[in-house]
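> My structure is in model-v9.pdb, and what it holds is PDB, C-alpha atoms and all ligand atoms:
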```pdb
ATOM      1  CA  MET A   1       1.593  -6.875  44.500
ATOM      2  CA  THR A   2       1.883  -8.074  40.916
ATOM      3  CA  ARG A   3       3.491  -5.590  38.601
ATOM      4  CA  PRO A   4       1.748  -4.933  35.267
ATOM      5  CA  PRO A   5       3.429  -6.416  32.202
ATOM      6  CA  PRO A   6       5.756  -3.925  30.526
ATOM      7  CA  ASN A   7       4.938  -2.392  27.192
ATOM      8  CA  TYR A   8       8.086  -3.162  25.259
ATOM      9  CA  TRP A   9       7.298  -0.750  22.443
ATOM     10  CA  LEU A  10       7.179   2.183  24.826
ATOM     11  CA  ARG A  11      10.379   1.042  26.420
ATOM     12  CA  ARG A  12      12.092   0.724  23.048
ATOM     13  CA  LYS A  13      10.697   4.043  21.894
ATOM     14  CA  GLY A  14      12.054   5.667  25.016
ATOM     15  CA  ALA A  15      15.406   4.156  24.231
ATOM     16  CA  GLY A  16      15.310   5.494  20.679
ATOM     17  CA  GLY A  17      14.529   2.129  19.104
ATOM     18  CA  GLN A  18      12.562   1.505  15.920
ATOM     19  CA  ALA A  19       8.955   0.349  15.966
ATOM     20  CA  PRO A  20       8.940  -3.433  15.579
ATOM     21  CA  ARG A  21       7.313  -5.344  12.708
ATOM     22  CA  ARG A  22       5.015  -8.357  12.885
ATOM     23  CA  ALA A  23       7.733 -10.477  11.364
ATOM     24  CA  ASP A  24       9.938  -9.688  14.343
ATOM     25  CA  PHE A  25       7.771 -11.863  16.580
ATOM     26  CA  PRO A  26       6.929 -15.553  16.722
ATOM     27  CA  ALA A  27       3.369 -16.592  15.912
ATOM     28  CA  GLY A  28       1.041 -16.161  18.826
ATOM     29  CA  THR A  29       2.868 -13.192  20.314
ATOM     30  CA  ASN A  30       0.621 -10.583  21.875
ATOM     31  CA  LEU A  31       1.496  -7.603  19.714
ATOM     32  CA  CYS A  32      -0.289  -5.198  22.048
ATOM     33  CA  LEU A  33       2.634  -5.549  24.419
ATOM     34  CA  HIS A  34       4.889  -4.197  21.672
ATOM     35  CA  CYS A  35       2.662  -1.423  20.365
ATOM     36  CA  PRO A  36       2.053   2.193  21.411
ATOM     37  CA  ALA A  37      -1.681   1.472  21.539
ATOM     38  CA  LYS A  38      -2.242   2.896  18.080
ATOM     39  CA  CYS A  39      -5.871   1.883  18.006
ATOM     40  CA  CYS A  40      -6.643   3.704  21.269
ATOM     41  CA  HIS A  41      -5.740   7.125  19.883
ATOM     42  CA  TYR A  42      -8.586   7.830  17.468
ATOM     43  CA  ILE A  43     -12.217   7.193  16.685
ATOM     44  CA  ALA A  44     -13.738   6.837  13.200
ATOM     45  CA  LEU A  45     -17.365   7.212  12.253
ATOM     46  CA  HIS A  46     -19.235   6.404   9.049
ATOM     47  CA  ILE A  47     -20.405   9.499   7.220
ATOM     48  CA  ASP A  48     -22.688   9.839   4.224
ATOM     49  CA  THR A  49     -20.904   9.763   0.897
ATOM     50  CA  PRO A  50     -20.875  13.367  -0.299
ATOM     51  CA  SER A  51     -22.230  13.969  -3.780
ATOM     52  CA  THR A  52     -23.186  17.664  -3.870
ATOM     53  CA  TRP A  53     -21.269  20.828  -3.166
ATOM     54  CA  ASP A  54     -23.211  21.339   0.055
ATOM     55  CA  GLU A  55     -22.304  17.839   1.215
ATOM     56  CA  PHE A  56     -18.669  18.318   0.315
ATOM     57  CA  ASP A  57     -18.833  21.586   2.196
ATOM     58  CA  THR A  58     -19.829  19.625   5.298
ATOM     59  CA  VAL A  59     -16.794  17.398   4.849
ATOM     60  CA  ARG A  60     -14.717  20.526   4.451
ATOM     61  CA  TRP A  61     -16.192  21.773   7.711
ATOM     62  CA  PHE A  62     -15.061  18.579   9.448
ATOM     63  CA  LEU A  63     -11.545  19.171   8.199
ATOM     64  CA  LEU A  64     -11.493  22.758   9.343
ATOM     65  CA  HIS A  65     -11.294  21.339  12.855
ATOM     66  CA  GLU A  66      -8.052  20.272  14.404
ATOM     67  CA  HIS A  67      -7.258  16.608  14.860
ATOM     68  CA  THR A  68      -9.621  15.372  12.139
ATOM     69  CA  ALA A  69      -9.227  13.519   8.870
ATOM     70  CA  VAL A  70     -11.666  11.960   6.415
ATOM     71  CA  PHE A  71     -10.868   8.732   4.652
ATOM     72  CA  VAL A  72     -12.566   6.401   2.202
ATOM     73  CA  ASP A  73     -12.271   2.663   2.670
ATOM     74  CA  GLY A  74     -14.032   0.228   0.370
ATOM     75  CA  GLY A  75     -16.231   3.019  -0.950
ATOM     76  CA  THR A  76     -17.392   4.070   2.527
ATOM     77  CA  TRP A  77     -16.526   7.489   3.892
ATOM     78  CA  TYR A  78     -15.366   7.971   7.476
ATOM     79  CA  LEU A  79     -14.644  10.882   9.739
ATOM     80  CA  MET A  80     -11.586  10.222  11.867
ATOM     81  CA  VAL A  81     -10.886  12.130  15.058
ATOM     82  CA  TYR A  82      -7.466  11.789  16.590
ATOM     83  CA  THR A  83      -8.117  11.616  20.296
ATOM     84  CA  THR A  84      -6.783   9.421  23.067
ATOM     85  CA  CYS A  85      -9.053   7.157  25.066
ATOM     86  CA  ARG A  86      -9.419   8.330  28.639
ATOM     87  CA  GLU A  87      -8.817   4.797  29.848
ATOM     88  CA  LEU A  88      -5.484   4.260  28.159
ATOM     89  CA  ARG A  89      -2.907   3.952  30.890
ATOM     90  CA  PRO A  90       0.538   5.528  30.812
ATOM     91  CA  ASP A  91       2.061   2.075  30.376
ATOM     92  CA  GLY A  92       0.083   1.634  27.132
ATOM     93  CA  LEU A  93      -2.427  -0.858  28.487
ATOM     94  CA  CYS A  94      -6.187  -0.636  28.877
ATOM     95  CA  GLY A  95      -7.344   0.572  32.258
ATOM     96  CA  ILE A  96     -10.785  -1.005  31.976
ATOM     97  CA  TYR A  97      -9.878  -4.235  30.227
ATOM     98  CA  PRO A  98     -12.582  -6.417  31.855
ATOM     99  CA  THR A  99     -15.304  -3.913  30.950
ATOM    100  CA  ARG A 100     -13.890  -2.376  27.776
ATOM    101  CA  PRO A 101     -16.495  -1.641  25.104
ATOM    102  CA  LYS A 102     -17.549  -4.324  22.636
ATOM    103  CA  ILE A 103     -15.961  -2.362  19.827
ATOM    104  CA  CYS A 104     -12.629  -2.866  21.596
ATOM    105  CA  ARG A 105     -13.254  -6.550  22.324
ATOM    106  CA  ASP A 106     -14.135  -7.242  18.711
ATOM    107  CA  TYR A 107     -10.993  -5.713  17.253
ATOM    108  CA  SER A 108      -8.652  -8.284  15.788
ATOM    109  CA  MET A 109      -4.961  -8.056  16.520
ATOM    110  CA  GLU A 110      -4.378  -9.939  13.256
ATOM    111  CA  GLU A 111      -5.962  -7.131  11.203
ATOM    112  CA  CYS A 112      -4.997  -4.115  13.241
ATOM    113  CA  GLU A 113      -2.696  -1.266  12.315
ATOM    114  CA  PHE A 114       0.287  -2.567  14.225
ATOM    115  CA  GLU A 115       2.460  -2.013  11.148
ATOM    116  CA  GLU A 116       0.313   0.456   9.204
ATOM    117  CA  GLY A 117       1.368  -1.341   6.069
ATOM    118  CA  SER A 118      -1.728  -0.838   3.956
ATOM    119  CA  VAL A 119      -3.417   2.195   2.417
ATOM    120  CA  TYR A 120      -6.683   4.071   2.297
ATOM    121  CA  ASP A 121      -8.615   4.413  -0.918
ATOM    122  CA  GLN A 122      -8.512   8.143  -0.266
ATOM    123  CA  LEU A 123      -7.376  10.315   2.590
ATOM    124  CA  PHE A 124      -8.244  13.970   3.149
ATOM    125  CA  GLU A 125      -6.330  15.733   5.875
ATOM    126  CA  VAL A 126      -6.916  19.405   5.097
ATOM    127  CA  PRO A 127      -9.956  21.264   3.669
ATOM    128  CA  GLN A 128      -8.182  22.152   0.437
ATOM    129  CA  GLN A 129      -7.934  18.496  -0.502
ATOM    130  CA  VAL A 130     -11.652  17.884  -0.355
ATOM    131  CA  GLU A 131     -12.316  21.164  -2.128
ATOM    132  CA  GLU A 132     -10.114  20.074  -4.998
ATOM    133  CA  TYR A 133     -11.671  16.616  -5.066
ATOM    134  CA  ALA A 134     -15.193  18.070  -5.231
ATOM    135  CA  GLU A 135     -14.199  20.415  -8.011
ATOM    136  CA  ALA A 136     -12.757  17.548 -10.032
ATOM    137  CA  LEU A 137     -15.999  15.622  -9.526
ATOM    138  CA  LEU A 138     -18.611  18.372  -9.834
ATOM    139  CA  GLY A 139     -16.892  21.173 -11.683
ATOM    140  CA  PRO A 140     -16.496  24.712 -10.376
ATOM    141  CA  ARG A 141     -18.232  25.496  -7.136
ATOM    142  CA  PRO A 142     -21.484  27.450  -7.657
ATOM    143  CA  ALA A 143     -21.454  30.980  -6.264
ATOM    144  CA  GLU A 144     -24.357  30.314  -3.893
ATOM    145  CA  SER A 145     -22.521  27.336  -2.395
ATOM    146  CA  SER A 146     -19.575  29.502  -1.367
ATOM    147  CA  ALA A 147     -21.612  32.282   0.273
ATOM    148  CA  GLY A 148     -22.191  32.504   3.992
ATOM    149  CA  VAL A 149     -25.518  33.117   5.732
ATOM    150  CA  ASN A 150     -25.043  36.842   5.278
ATOM    151  CA  GLY A 151     -24.056  36.462   1.691
ATOM    152  CA  VAL A 152     -20.394  36.851   2.568
ATOM    153  CA  THR A 153     -18.138  34.877   0.273
ATOM    154  CA  LEU A 154     -15.816  32.477   2.052
ATOM    155  CA  PRO A 155     -12.104  33.271   1.994
ATOM    156  CA  VAL A 156     -10.206  32.126  -1.051
ATOM    157  CA  LEU A 157      -8.397  28.924  -0.229
ATOM    158  CA  PRO A 158      -4.702  28.513  -0.903
ATOM    159  CA  ALA A 159      -3.471  26.201  -3.614
ATOM    160  CA  PRO A 160      -4.814  22.668  -3.078
ATOM    161  CA  LEU A 161      -2.604  19.922  -1.779
ATOM    162  CA  PRO A 162      -2.506  16.599  -3.591
ATOM    163  CA  ILE A 163      -5.063  14.015  -2.544
ATOM    164  CA  ALA A 164      -3.402  10.959  -1.143
ATOM    165  CA  ASN A 165      -4.502   8.014  -3.235
ATOM    166  CA  ASN A 166      -3.210   4.513  -2.720
ATOM    167  CA  GLY A 167      -0.102   5.603  -0.972
ATOM    168  CA  SER A 168      -1.166   6.845   2.403
ATOM    169  CA  PRO A 169      -1.099   4.824   5.567
ATOM    170  CA  ARG A 170      -4.331   3.073   6.264
ATOM    171  CA  ARG A 171      -5.865   2.143   9.538
ATOM    172  CA  PRO A 172      -8.717  -0.274   9.808
ATOM    173  CA  HIS A 173     -11.640   1.989  10.556
ATOM    174  CA  ARG A 174     -12.775   2.278  14.107
ATOM    175  CA  SER A 175     -16.462   2.599  13.360
ATOM    176  CA  GLY A 176     -16.642  -1.030  14.238
ATOM    177  CA  SER A 177     -13.328  -1.791  15.755
ATOM    178  CA  ALA A 178     -11.041  -1.049  18.637
ATOM    179  CA  SER A 179      -8.311  -2.654  20.619
ATOM    180  CA  PRO A 180      -7.971  -5.973  22.400
ATOM    181  CA  ARG A 181      -5.373  -4.419  24.647
ATOM    182  CA  LEU A 182      -4.519  -6.354  27.720
ATOM    183  CA  SER A 183      -5.083  -5.124  31.184
ATOM    184  CA  GLY A 184      -2.022  -4.892  33.325
ATOM    185  CA  ALA A 185      -4.071  -4.893  36.475
ATOM    186  CA  PRO A 186      -2.840  -7.216  39.179
TER     187      PRO A 186
HETATM  188  S1  LIG B   1      -4.761  -4.215  18.572
HETATM  189 FE1  LIG B   1      -4.224  -2.035  18.861
HETATM  190  S2  LIG B   1      -2.785  -2.056  20.591
HETATM  191 FE2  LIG B   1      -2.926  -4.160  19.857
HETATM  192  S3  LIG B   1      -1.228  -4.344  18.393
HETATM  193 FE3  LIG B   1      -3.034  -3.758  17.224
HETATM  194  S4  LIG B   1      -2.948  -1.528  17.093
HETATM  195 FE4  LIG B   1      -1.575  -2.153  18.723
HETATM  196  S1  LIG B   2      -9.044  -0.957  24.613
HETATM  197 FE1  LIG B   2     -10.757   0.469  24.308
HETATM  198  S2  LIG B   2     -11.325   1.136  26.370
HETATM  199 FE2  LIG B   2      -9.314   0.219  26.516
HETATM  200  S3  LIG B   2      -7.875   1.935  26.312
HETATM  201 FE3  LIG B   2      -8.195   1.112  24.255
HETATM  202  S4  LIG B   2      -9.863   2.289  23.352
HETATM  203 FE4  LIG B   2      -9.890   2.642  25.579
END
```
For the file at hand, write its structure as structure tokens.

Amino acid sequence: MTRPPPNYWLRRKGAGGQAPRRADFPAGTNLCLHCPAKCCHYIALHIDTPSTWDEFDTVRWFLLHEHTAVFVDGGTWYLMVYTTCRELRPDGLCGIYPTRPKICRDYSMEECEFEEGSVYDQLFEVPQQVEEYAEALLGPRPAESSAGVNGVTLPVLPAPLPIANNGSPRRPHRSGSASPRLSGAP
């Protein structure tokens, strides 16, 4: 039986090594064999650009859920959900490589987040960030926008955190992309 190719990143990580950089490898190297399958651990979906308090409140609702973030890339807003693909194998390779979705087949290793060296236009990771952003854009939130269905005012939010602009890690959005990870199947 043929053994699957090893994932060197996982092996190095297990040994306490540092994540490698693109420059560490000769041209043509399959970086997926040196990567913890970063692009198989989230999904990202286009969302409408919010422009009213109600729309920003929907974005805030997204962020009230665990394992979510909202980012803006090239003027387009995305909801990101950090979740691991069911088909990602423990060795870091794709378990359904021959039949992986088109979104995975189309993803370019040359433009992927192997190094996470670039940035988002904006990144919101907690509700307070989008609340502060909306207030800067629209002014104070109207009273009716902060009332619940029973007229109950929402809890006062703690002090807002800074919005990450041009300094946060960026991943190419997954609304149209995924991983070309190799199958290790015999
Ligand atoms: S395509 Fe995905 S698995 Fe392959 S190197 Fe890039 S981020 Fe890692
Ligand atoms: S390449 Fe696609 S199908 Fe395969 S493990 Fe990654 S996200 Fe899942």
> Pick out the residues no farther than 9 Å from ligand LIG 1 (chain B), counting only C-alpha atoms and all ligand atoms, and list them as number ranges by chain.
A: 30-40, 92-93, 104, 107-116, 171, 178-182
> Keeping only C-alpha atoms, write the selected residues to a file as a PDB file, in the frame of the given file.

```
ATOM      1  CA  ASN A  30       0.621 -10.583  21.875  1.00  0.00           C
ATOM      2  CA  LEU A  31       1.496  -7.603  19.714  1.00  0.00           C
ATOM      3  CA  CYS A  32      -0.289  -5.198  22.048  1.00  0.00           C
ATOM      4  CA  LEU A  33       2.634  -5.549  24.419  1.00  0.00           C
ATOM      5  CA  HIS A  34       4.889  -4.197  21.672  1.00  0.00           C
ATOM      6  CA  CYS A  35       2.662  -1.423  20.365  1.00  0.00           C
ATOM      7  CA  PRO A  36       2.053   2.193  21.411  1.00  0.00           C
ATOM      8  CA  ALA A  37      -1.681   1.472  21.539  1.00  0.00           C
ATOM      9  CA  LYS A  38      -2.242   2.896  18.080  1.00  0.00           C
ATOM     10  CA  CYS A  39      -5.871   1.883  18.006  1.00  0.00           C
ATOM     11  CA  CYS A  40      -6.643   3.704  21.269  1.00  0.00           C
ATOM     12  CA  GLY A  92       0.083   1.634  27.132  1.00  0.00           C
ATOM     13  CA  LEU A  93      -2.427  -0.858  28.487  1.00  0.00           C
ATOM     14  CA  CYS A 104     -12.629  -2.866  21.596  1.00  0.00           C
ATOM     15  CA  TYR A 107     -10.993  -5.713  17.253  1.00  0.00           C
ATOM     16  CA  SER A 108      -8.652  -8.284  15.788  1.00  0.00           C
ATOM     17  CA  MET A 109      -4.961  -8.056  16.520  1.00  0.00           C
ATOM     18  CA  GLU A 110      -4.378  -9.939  13.256  1.00  0.00           C
ATOM     19  CA  GLU A 111      -5.962  -7.131  11.203  1.00  0.00           C
ATOM     20  CA  CYS A 112      -4.997  -4.115  13.241  1.00  0.00           C
ATOM     21  CA  GLU A 113      -2.696  -1.266  12.315  1.00  0.00           C
ATOM     22  CA  PHE A 114       0.287  -2.567  14.225  1.00  0.00           C
ATOM     23  CA  GLU A 115       2.460  -2.013  11.148  1.00  0.00           C
ATOM     24  CA  GLU A 116       0.313   0.456   9.204  1.00  0.00           C
ATOM     25  CA  ARG A 171      -5.865   2.143   9.538  1.00  0.00           C
ATOM     26  CA  ALA A 178     -11.041  -1.049  18.637  1.00  0.00           C
ATOM     27  CA  SER A 179      -8.311  -2.654  20.619  1.00  0.00           C
ATOM     28  CA  PRO A 180      -7.971  -5.973  22.400  1.00  0.00           C
ATOM     29  CA  ARG A 181      -5.373  -4.419  24.647  1.00  0.00           C
ATOM     30  CA  LEU A 182      -4.519  -6.354  27.720  1.00  0.00           C
TER      31      LEU A 182
END
```
> For ligand LIG 2 (chain B), which residue among A:Ala69, A:Ile96, A:Ala23, A:Leu64 is the nearest when counting only C-alpha atoms and all ligand atoms?
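Closest residue, counting only C-alpha atoms and all ligand atoms: A:Ile96.
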> Can you find the residues with an atom no farther than 9 Å from (-14.0, 4.5, -1.1), counting only C-alpha atoms, and report them as a PyMOL selection string?
chain A and resi 49+71-77+120-122
> With only C-alpha atoms and all ligand atoms as the atoms that count, which of A:Met80, A:Ile103, A:Ile47, A:Val119 lies nearest to ligand LIG 2 (chain B)?
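Nearest to ligand LIG 2 (chain B): A:Ile103.
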> Would you mind listing, for every residue of region 30-100 of chain A within 8 Å of region 133-143 of chain A, the two atoms forming the shortest contact and the distance between them in Å to one decimal, using only C-alpha atoms, sorted by chain and ascending residue number, as CSV?

```
residue,atom,partner,partner_atom,distance
A:Thr52,CA,A:Leu138,CA,7.5
A:Trp53,CA,A:Arg141,CA,6.8
A:Phe56,CA,A:Ala134,CA,6.5
```
> Work out how far apart CA of Pro98 (chain A) and CA of Val81 (chain A) are and give it in Å to one decimal.
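CA of Val81 (chain A) lies 25.1 Å from CA of Pro98 (chain A).
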> Which one is closest to ligand LIG 2 (chain B): A:Pro90, A:Pro20, A:Pro50, A:Pro101? Count all atoms listed in the file.
A:Pro101
> Out of A:His65, A:His41, A:Arg21, A:His46, which residue has the shortest atom-to-atom distance to ligand LIG 2 (chain B) when counting all atoms listed in the file?
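Smallest separation from ligand LIG 2 (chain B) among the options: A:His41.
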> Spell out the residues picked by the PyMOL selection byres (((chain A and resi 130) around 10) and not hetatm) here, as a PDB file with C-alpha atoms, keeping the file's coordinate frame.

```pdb
ATOM      1  CA  PHE A  56     -18.669  18.318   0.315  1.00  0.00           C
ATOM      2  CA  ASP A  57     -18.833  21.586   2.196  1.00  0.00           C
ATOM      3  CA  VAL A  59     -16.794  17.398   4.849  1.00  0.00           C
ATOM      4  CA  ARG A  60     -14.717  20.526   4.451  1.00  0.00           C
ATOM      5  CA  LEU A  63     -11.545  19.171   8.199  1.00  0.00           C
ATOM      6  CA  VAL A  70     -11.666  11.960   6.415  1.00  0.00           C
ATOM      7  CA  LEU A 123      -7.376  10.315   2.590  1.00  0.00           C
ATOM      8  CA  PHE A 124      -8.244  13.970   3.149  1.00  0.00           C
ATOM      9  CA  GLU A 125      -6.330  15.733   5.875  1.00  0.00           C
ATOM     10  CA  VAL A 126      -6.916  19.405   5.097  1.00  0.00           C
ATOM     11  CA  PRO A 127      -9.956  21.264   3.669  1.00  0.00           C
ATOM     12  CA  GLN A 128      -8.182  22.152   0.437  1.00  0.00           C
ATOM     13  CA  GLN A 129      -7.934  18.496  -0.502  1.00  0.00           C
ATOM     14  CA  GLU A 131     -12.316  21.164  -2.128  1.00  0.00           C
ATOM     15  CA  GLU A 132     -10.114  20.074  -4.998  1.00  0.00           C
ATOM     16  CA  TYR A 133     -11.671  16.616  -5.066  1.00  0.00           C
ATOM     17  CA  ALA A 134     -15.193  18.070  -5.231  1.00  0.00           C
ATOM     18  CA  GLU A 135     -14.199  20.415  -8.011  1.00  0.00           C
ATOM     19  CA  ALA A 136     -12.757  17.548 -10.032  1.00  0.00           C
ATOM     20  CA  PRO A 160      -4.814  22.668  -3.078  1.00  0.00           C
ATOM     21  CA  LEU A 161      -2.604  19.922  -1.779  1.00  0.00           C
ATOM     22  CA  PRO A 162      -2.506  16.599  -3.591  1.00  0.00           C
ATOM     23  CA  ILE A 163      -5.063  14.015  -2.544  1.00  0.00           C
TER      24      ILE A 163
END
```
> Taking into account all atoms listed in the file, which residue in the set A:Phe25, A:Tyr97, A:Phe62, A:Tyr82 is nearest to ligand LIG 2 (chain B)?
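The closest residue to ligand LIG 2 (chain B) is A:Tyr97.
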> Please give the centre and size of the box around region 98-102 of chain A (axis-aligned, containing every atom listed in the file, 8 Å added per side), with values in Å to one decimal and written as lines of an AutoDock Vina configuration file.

```
center_x = -15.1
center_y = -4.0
center_z = 27.2
size_x = 21.0
size_y = 20.8
size_z = 25.2
```
> Which of these residues is nearest to ligand LIG 2 (chain B), using all atoms listed in the file: A:Glu87, A:Asp24, A:Glu55, A:Asp48?
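Smallest distance to ligand LIG 2 (chain B) is found for A:Glu87.
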> Go ahead and compute the interatomic distance for atom FE4 of ligand LIG 2 (chain B) and CA of Arg22 (chain A), in Å to one decimal.
22.5 Å
> As an exercise, work out the distance from CA of Leu88 (chain A) to CA of His67 (chain A) in Å and give it to one decimal place.
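Separation between CA of Leu88 (chain A) and CA of His67 (chain A): 18.2 Å.
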